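Engineer: What follows is the file structure00.cif, containing mmCIF, N, CA and C atoms:
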data_data
#
loop_
_atom_site.label_atom_id
_atom_site.label_comp_id
_atom_site.auth_asym_id
_atom_site.auth_seq_id
_atom_site.Cartn_x
_atom_site.Cartn_y
_atom_site.Cartn_z
N MET R 193 29.15 -10.47 -17.76
CA MET R 193 27.72 -10.29 -17.68
C MET R 193 27.20 -10.94 -16.41
N CYS R 194 26.23 -10.33 -15.79
CA CYS R 194 25.73 -10.77 -14.50
C CYS R 194 24.63 -11.81 -14.68
N GLY R 195 24.68 -12.87 -13.90
CA GLY R 195 23.65 -13.90 -13.94
C GLY R 195 22.54 -13.62 -12.94
N VAL R 196 21.82 -14.63 -12.58
CA VAL R 196 20.67 -14.51 -11.68
C VAL R 196 21.09 -14.14 -10.26
N THR R 197 22.30 -14.47 -9.86
CA THR R 197 22.73 -14.27 -8.48
C THR R 197 23.18 -12.85 -8.16
N CYS R 198 23.33 -11.99 -9.13
CA CYS R 198 23.79 -10.62 -8.88
C CYS R 198 22.72 -9.81 -8.16
N ASP R 199 23.16 -8.98 -7.23
CA ASP R 199 22.23 -8.08 -6.55
C ASP R 199 21.80 -7.00 -7.52
N PRO R 200 20.52 -6.63 -7.49
CA PRO R 200 20.06 -5.56 -8.37
C PRO R 200 20.66 -4.22 -7.94
N LEU R 201 20.83 -3.36 -8.91
CA LEU R 201 21.34 -2.03 -8.60
C LEU R 201 20.25 -1.22 -7.94
N PRO R 202 20.63 -0.39 -6.95
CA PRO R 202 19.61 0.48 -6.35
C PRO R 202 19.11 1.50 -7.36
N ILE R 203 17.87 1.91 -7.21
CA ILE R 203 17.33 2.96 -8.05
C ILE R 203 18.00 4.26 -7.62
N SER R 204 18.32 5.11 -8.56
CA SER R 204 18.94 6.39 -8.20
C SER R 204 17.95 7.22 -7.39
N ASN R 205 18.46 8.19 -6.66
CA ASN R 205 17.59 9.08 -5.87
C ASN R 205 16.58 9.78 -6.76
N ALA R 206 17.01 10.19 -7.96
CA ALA R 206 16.09 10.84 -8.88
C ALA R 206 15.02 9.86 -9.34
N GLY R 207 15.40 8.61 -9.56
CA GLY R 207 14.44 7.59 -9.97
C GLY R 207 13.42 7.31 -8.88
N VAL R 208 13.86 7.27 -7.64
CA VAL R 208 12.95 7.06 -6.51
C VAL R 208 11.99 8.23 -6.40
N ALA R 209 12.49 9.44 -6.54
CA ALA R 209 11.64 10.63 -6.46
C ALA R 209 10.59 10.63 -7.57
N ASP R 210 11.01 10.24 -8.78
CA ASP R 210 10.07 10.19 -9.90
C ASP R 210 9.00 9.13 -9.67
N LEU R 211 9.41 7.96 -9.18
CA LEU R 211 8.46 6.89 -8.90
C LEU R 211 7.52 7.29 -7.78
N ARG R 212 8.02 7.96 -6.77
CA ARG R 212 7.19 8.45 -5.67
C ARG R 212 6.12 9.42 -6.19
N ARG R 213 6.54 10.37 -7.03
CA ARG R 213 5.58 11.32 -7.62
C ARG R 213 4.51 10.62 -8.43
N LEU R 214 4.93 9.62 -9.18
CA LEU R 214 3.98 8.85 -9.98
C LEU R 214 2.95 8.15 -9.09
N LEU R 215 3.42 7.52 -8.03
CA LEU R 215 2.51 6.83 -7.12
C LEU R 215 1.56 7.80 -6.43
N LEU R 216 2.07 8.95 -6.01
CA LEU R 216 1.23 9.92 -5.33
C LEU R 216 0.18 10.52 -6.27
N ARG R 217 0.47 10.56 -7.57
CA ARG R 217 -0.52 11.05 -8.54
C ARG R 217 -1.51 9.95 -8.91
N THR R 218 -1.09 8.70 -8.79
CA THR R 218 -1.93 7.57 -9.18
C THR R 218 -2.88 7.15 -8.07
N LEU R 219 -2.37 7.08 -6.84
CA LEU R 219 -3.21 6.68 -5.71
C LEU R 219 -3.89 7.91 -5.13
N ASN R 220 -5.16 7.78 -4.77
CA ASN R 220 -5.85 8.91 -4.16
C ASN R 220 -5.65 8.92 -2.64
N ASP R 221 -6.09 9.98 -1.99
CA ASP R 221 -5.89 10.14 -0.55
C ASP R 221 -6.53 9.00 0.25
N ASN R 222 -7.70 8.55 -0.17
CA ASN R 222 -8.37 7.46 0.54
C ASN R 222 -7.59 6.16 0.44
N GLN R 223 -7.02 5.90 -0.72
CA GLN R 223 -6.23 4.69 -0.90
C GLN R 223 -4.95 4.73 -0.05
N ILE R 224 -4.32 5.88 0.00
CA ILE R 224 -3.12 6.02 0.84
C ILE R 224 -3.49 5.88 2.31
N LEU R 225 -4.63 6.44 2.70
CA LEU R 225 -5.11 6.31 4.08
C LEU R 225 -5.34 4.85 4.45
N ILE R 226 -5.94 4.09 3.56
CA ILE R 226 -6.17 2.66 3.81
C ILE R 226 -4.84 1.93 3.93
N LEU R 227 -3.93 2.18 3.02
CA LEU R 227 -2.62 1.52 3.06
C LEU R 227 -1.89 1.80 4.37
N THR R 228 -1.84 3.06 4.76
CA THR R 228 -1.12 3.40 6.00
C THR R 228 -1.84 2.87 7.23
N SER R 229 -3.16 2.81 7.19
CA SER R 229 -3.92 2.28 8.33
C SER R 229 -3.69 0.79 8.50
N LEU R 230 -3.44 0.09 7.42
CA LEU R 230 -3.19 -1.35 7.51
C LEU R 230 -1.89 -1.67 8.23
N THR R 231 -0.97 -0.74 8.28
CA THR R 231 0.29 -0.99 8.97
C THR R 231 0.12 -0.94 10.48
N ARG R 232 -0.98 -0.35 10.95
CA ARG R 232 -1.18 -0.16 12.39
C ARG R 232 -2.26 -1.06 12.98
N THR R 233 -2.79 -1.97 12.22
CA THR R 233 -3.91 -2.76 12.72
C THR R 233 -3.77 -4.22 12.35
N GLY R 234 -4.47 -5.03 13.08
CA GLY R 234 -4.55 -6.45 12.77
C GLY R 234 -6.00 -6.86 12.82
N SER R 235 -6.81 -6.23 11.99
CA SER R 235 -8.25 -6.49 12.04
C SER R 235 -8.79 -6.78 10.64
N THR R 236 -10.05 -7.13 10.61
CA THR R 236 -10.69 -7.37 9.32
C THR R 236 -10.84 -6.05 8.58
N LEU R 237 -11.03 -6.15 7.29
CA LEU R 237 -11.19 -4.94 6.47
C LEU R 237 -12.44 -4.16 6.90
N THR R 238 -13.51 -4.88 7.19
CA THR R 238 -14.76 -4.21 7.59
C THR R 238 -14.55 -3.37 8.84
N ARG R 239 -13.89 -3.94 9.82
CA ARG R 239 -13.62 -3.22 11.07
C ARG R 239 -12.73 -2.01 10.80
N LEU R 240 -11.70 -2.20 9.99
CA LEU R 240 -10.78 -1.10 9.67
C LEU R 240 -11.50 0.02 8.94
N LEU R 241 -12.29 -0.32 7.93
CA LEU R 241 -12.98 0.70 7.14
C LEU R 241 -14.05 1.41 7.96
N ASN R 242 -14.74 0.69 8.84
CA ASN R 242 -15.71 1.33 9.73
C ASN R 242 -15.02 2.34 10.64
N HIS R 243 -13.86 1.97 11.16
CA HIS R 243 -13.11 2.88 12.04
C HIS R 243 -12.67 4.13 11.28
N ILE R 244 -12.13 3.95 10.08
CA ILE R 244 -11.70 5.09 9.27
C ILE R 244 -12.89 5.98 8.94
N SER R 245 -14.01 5.36 8.57
CA SER R 245 -15.21 6.11 8.21
C SER R 245 -15.69 6.98 9.36
N GLU R 246 -15.74 6.39 10.55
CA GLU R 246 -16.19 7.15 11.73
C GLU R 246 -15.20 8.24 12.11
N GLU R 247 -13.92 7.91 12.06
CA GLU R 247 -12.88 8.86 12.49
C GLU R 247 -12.69 10.01 11.49
N GLN R 248 -12.73 9.70 10.20
CA GLN R 248 -12.43 10.69 9.17
C GLN R 248 -13.67 11.28 8.50
N GLY R 249 -14.84 10.67 8.72
CA GLY R 249 -16.07 11.15 8.10
C GLY R 249 -16.15 10.83 6.60
N ILE R 250 -15.47 9.78 6.18
CA ILE R 250 -15.49 9.37 4.78
C ILE R 250 -16.57 8.30 4.63
N PRO R 251 -17.42 8.41 3.61
CA PRO R 251 -18.47 7.40 3.42
C PRO R 251 -17.88 5.99 3.30
N LEU R 252 -18.51 5.04 3.96
CA LEU R 252 -18.04 3.66 3.95
C LEU R 252 -18.00 3.09 2.53
N SER R 253 -18.97 3.44 1.71
CA SER R 253 -19.00 2.94 0.33
C SER R 253 -17.77 3.41 -0.46
N THR R 254 -17.33 4.62 -0.20
CA THR R 254 -16.13 5.16 -0.86
C THR R 254 -14.89 4.36 -0.45
N LEU R 255 -14.80 4.08 0.85
CA LEU R 255 -13.66 3.31 1.35
C LEU R 255 -13.67 1.89 0.81
N LYS R 256 -14.84 1.27 0.72
CA LYS R 256 -14.94 -0.09 0.18
C LYS R 256 -14.49 -0.13 -1.27
N LEU R 257 -14.91 0.85 -2.06
CA LEU R 257 -14.50 0.91 -3.46
C LEU R 257 -12.98 1.04 -3.57
N ASN R 258 -12.40 1.91 -2.75
CA ASN R 258 -10.95 2.11 -2.81
C ASN R 258 -10.20 0.89 -2.33
N ALA R 259 -10.72 0.18 -1.33
CA ALA R 259 -10.08 -1.06 -0.87
C ALA R 259 -10.13 -2.11 -1.98
N ARG R 260 -11.23 -2.18 -2.71
CA ARG R 260 -11.35 -3.14 -3.81
C ARG R 260 -10.31 -2.82 -4.89
N ILE R 261 -10.11 -1.55 -5.17
CA ILE R 261 -9.11 -1.14 -6.16
C ILE R 261 -7.71 -1.53 -5.70
N LEU R 262 -7.42 -1.31 -4.42
CA LEU R 262 -6.11 -1.68 -3.88
C LEU R 262 -5.88 -3.19 -3.97
N ARG R 263 -6.94 -3.97 -3.76
CA ARG R 263 -6.81 -5.43 -3.89
C ARG R 263 -6.56 -5.81 -5.35
N GLU R 264 -7.26 -5.16 -6.27
CA GLU R 264 -7.06 -5.45 -7.69
C GLU R 264 -5.65 -5.08 -8.15
N LEU R 265 -5.06 -4.07 -7.51
CA LEU R 265 -3.68 -3.66 -7.81
C LEU R 265 -2.65 -4.54 -7.10
N ASN R 266 -3.13 -5.54 -6.34
CA ASN R 266 -2.27 -6.47 -5.61
C ASN R 266 -1.47 -5.79 -4.50
N LEU R 267 -2.06 -4.74 -3.91
CA LEU R 267 -1.40 -4.03 -2.82
C LEU R 267 -1.86 -4.52 -1.45
N ILE R 268 -3.09 -5.01 -1.35
CA ILE R 268 -3.62 -5.51 -0.08
C ILE R 268 -4.36 -6.82 -0.32
N SER R 269 -4.58 -7.55 0.77
CA SER R 269 -5.43 -8.74 0.71
C SER R 269 -6.35 -8.70 1.92
N TYR R 270 -7.50 -9.31 1.75
CA TYR R 270 -8.46 -9.41 2.84
C TYR R 270 -9.42 -10.54 2.55
N GLY R 271 -10.14 -10.96 3.55
CA GLY R 271 -11.06 -12.07 3.42
C GLY R 271 -12.36 -11.66 2.73
N SER R 272 -13.33 -12.54 2.83
CA SER R 272 -14.64 -12.30 2.25
C SER R 272 -15.69 -12.63 3.30
N SER R 273 -16.94 -12.54 2.92
CA SER R 273 -18.00 -12.88 3.86
C SER R 273 -17.96 -14.37 4.20
N PHE R 274 -17.34 -15.18 3.35
CA PHE R 274 -17.22 -16.61 3.59
C PHE R 274 -15.94 -16.97 4.34
N GLU R 275 -14.92 -16.15 4.18
CA GLU R 275 -13.61 -16.44 4.76
C GLU R 275 -13.15 -15.24 5.60
N ARG R 276 -13.24 -15.36 6.91
CA ARG R 276 -12.78 -14.28 7.78
C ARG R 276 -11.26 -14.28 7.83
N LYS R 277 -10.69 -13.15 7.47
CA LYS R 277 -9.24 -13.03 7.43
C LYS R 277 -8.89 -11.57 7.68
N ASN R 278 -7.86 -11.35 8.45
CA ASN R 278 -7.41 -9.97 8.68
C ASN R 278 -6.91 -9.35 7.38
N ALA R 279 -7.16 -8.08 7.23
CA ALA R 279 -6.64 -7.34 6.08
C ALA R 279 -5.15 -7.13 6.29
N GLU R 280 -4.39 -7.19 5.21
CA GLU R 280 -2.95 -7.00 5.33
C GLU R 280 -2.37 -6.45 4.04
N LEU R 281 -1.21 -5.83 4.21
CA LEU R 281 -0.46 -5.34 3.05
C LEU R 281 0.22 -6.52 2.38
N LYS R 282 0.18 -6.56 1.07
CA LYS R 282 0.93 -7.55 0.33
C LYS R 282 2.33 -6.98 0.12
N PRO R 283 3.29 -7.79 -0.32
CA PRO R 283 4.65 -7.27 -0.52
C PRO R 283 4.71 -6.03 -1.41
N LEU R 284 3.93 -6.00 -2.47
CA LEU R 284 3.93 -4.82 -3.33
C LEU R 284 3.38 -3.59 -2.59
N GLY R 285 2.38 -3.80 -1.73
CA GLY R 285 1.84 -2.71 -0.93
C GLY R 285 2.87 -2.16 0.04
N LYS R 286 3.65 -3.04 0.63
CA LYS R 286 4.73 -2.60 1.53
C LYS R 286 5.78 -1.79 0.77
N PHE R 287 6.08 -2.25 -0.44
CA PHE R 287 7.05 -1.55 -1.28
C PHE R 287 6.54 -0.15 -1.64
N VAL R 288 5.27 -0.07 -2.02
CA VAL R 288 4.67 1.22 -2.37
C VAL R 288 4.71 2.17 -1.17
N LEU R 289 4.36 1.67 0.01
CA LEU R 289 4.41 2.52 1.20
C LEU R 289 5.83 2.99 1.49
N LYS R 290 6.79 2.12 1.28
CA LYS R 290 8.18 2.50 1.50
C LYS R 290 8.59 3.62 0.55
N LEU R 291 8.11 3.55 -0.68
CA LEU R 291 8.41 4.60 -1.65
C LEU R 291 7.70 5.91 -1.32
N ILE R 292 6.46 5.81 -0.89
CA ILE R 292 5.68 7.01 -0.59
C ILE R 292 6.22 7.74 0.63
N ASP R 293 6.68 6.99 1.62
CA ASP R 293 7.17 7.59 2.86
C ASP R 293 8.60 8.07 2.66
N ASP R 294 8.75 9.32 2.29
CA ASP R 294 10.09 9.85 2.04
C ASP R 294 10.82 10.27 3.30
N SER R 295 10.17 10.21 4.46
CA SER R 295 10.81 10.67 5.69
C SER R 295 11.93 9.72 6.13
N LYS R 296 11.90 8.47 5.68
CA LYS R 296 12.92 7.50 6.09
C LYS R 296 14.15 7.56 5.21
N ASN R 297 14.01 8.10 4.00
CA ASN R 297 15.13 8.21 3.06
C ASN R 297 15.85 6.87 2.89
N THR R 298 15.08 5.82 2.68
CA THR R 298 15.62 4.48 2.56
C THR R 298 16.17 4.25 1.16
N LYS R 299 17.16 3.39 1.09
CA LYS R 299 17.69 2.98 -0.20
C LYS R 299 16.75 1.90 -0.74
N ILE R 300 16.24 2.11 -1.92
CA ILE R 300 15.30 1.17 -2.53
C ILE R 300 16.07 0.36 -3.57
N LYS R 301 15.91 -0.97 -3.50
CA LYS R 301 16.49 -1.84 -4.52
C LYS R 301 15.34 -2.41 -5.33
N LEU R 302 15.63 -2.73 -6.57
CA LEU R 302 14.60 -3.28 -7.44
C LEU R 302 14.05 -4.59 -6.91
N SER R 303 14.79 -5.30 -6.07
CA SER R 303 14.32 -6.58 -5.55
C SER R 303 13.40 -6.42 -4.34
N ASP R 304 13.23 -5.19 -3.80
CA ASP R 304 12.40 -4.99 -2.61
C ASP R 304 10.97 -5.36 -2.85
#
With the file now loaded, output its structure as structure tokens.
Structural biologist:
Amino acid sequence: MCGVTCDPLPISNAGVADLRRLLLRTLNDNQILILTSLTRTGSTLTRLLNHISEEQGIPLSTLKLNARILRELNLISYGSSFERKNAELKPLGKFVLKLIDDSKNTKIKLSD
């Protein structure tokens, strides 16, 4: 029997595909847009959402609501009006993006 030190088994390709489908049905387009935009920027959430709103024509209030949902899901973190902090992907957010992006065909382990 394997103890704590054993490497986790990779998820099968079918399991990764099923999990990817689940995530794509669960997250909406705006949430995926915010997640992917966070990989390309090092700015505050307000600056990022203003840029997305202007570029994509999405209402700022819609983007703020979706960012709040992503934070509640522990996918992103960002500061507040009292604490200026750049928005960033949390480890779970990075994992979700890795699953969603099927173009890399990466091997996913349960420990990722």
Engineer: Nearest to Thr254 (chain R) among R:Ile292, R:Ser273, R:Asn222, R:Arg212, with distances taken over only N, CA and C atoms: which residue is it?
Structural biologist: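 Nearest candidate to Thr254 (chain R) out of R:Ile292, R:Ser273, R:Asn222, R:Arg212: R:Asn222.
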Engineer: Report, in Å to a single decimal, how far apart CA of Ala259 (chain R) and CA of Gln223 (chain R) are.
Structural biologist: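 Answer for the CA of Gln223 (chain R) to CA of Ala259 (chain R) separation: 6.9 Å.
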Engineer: Show which residues sit within 6 Å of Ser269 (chain R), as a tab-separated table (two decimals) with N, CA and C atoms, in the coordinates of the input. Count only C-alpha atoms, and ignore same-chain residues fewer than 4 positions away.
Structural biologist:
chain	number	residue	atom	x	y	z
R	263	ARG	N	-6.94	-3.97	-3.76
R	263	ARG	CA	-6.81	-5.43	-3.89
R	263	ARG	C	-6.56	-5.81	-5.35
R	279	ALA	N	-7.16	-8.08	7.23
R	279	ALA	CA	-6.64	-7.34	6.08
R	279	ALA	C	-5.15	-7.13	6.29
R	280	GLU	N	-4.39	-7.19	5.21
R	280	GLU	CA	-2.95	-7.00	5.33
R	280	GLU	C	-2.37	-6.45	4.04
Engineer: What is the distance, in Å and to one decimal place, between CA of Thr236 (chain R) and atom C of Leu214 (chain R)?
Structural biologist: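 One can read the CA of Thr236 (chain R) to atom C of Leu214 (chain R) distance as 27.7 Å.
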Engineer: So what do you get for atom N of Lys277 (chain R) versus atom C of Asp293 (chain R), distance-wise?
Structural biologist: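 A separation of 29.1 Å between them.
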Engineer: I need the residue nearest Leu267 (chain R) from this list: R:Gly234, R:Asn220, R:Leu241, R:Leu227. Use only N, CA and C atoms for the distance.
Structural biologist: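 Using only N, CA and C atoms, Leu267 (chain R) sits closest to R:Leu227.
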Engineer: Of the candidates R:His243, R:Arg232, R:Lys282, R:Lys290, which shows the shortest atom-to-atom distance to Ile268 (chain R), using all atoms listed in the file?
Structural biologist: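 Residue with the minimum atom-to-atom distance to Ile268 (chain R): R:Lys282.
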Engineer: Given only C-alpha atoms as the basis, pick out the residue of R:Leu219, R:Ile224, R:Leu230, R:Leu257 nearest to Leu281 (chain R).
Structural biologist: R:Leu230
Engineer: Looking at R:Leu291, R:Leu237, R:Leu284, R:Leu211, which one is nearest to Ser272 (chain R), with distances taken over only C-alpha atoms?
Structural biologist: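 The shortest atom-to-atom distance to Ser272 (chain R) comes from R:Leu237.
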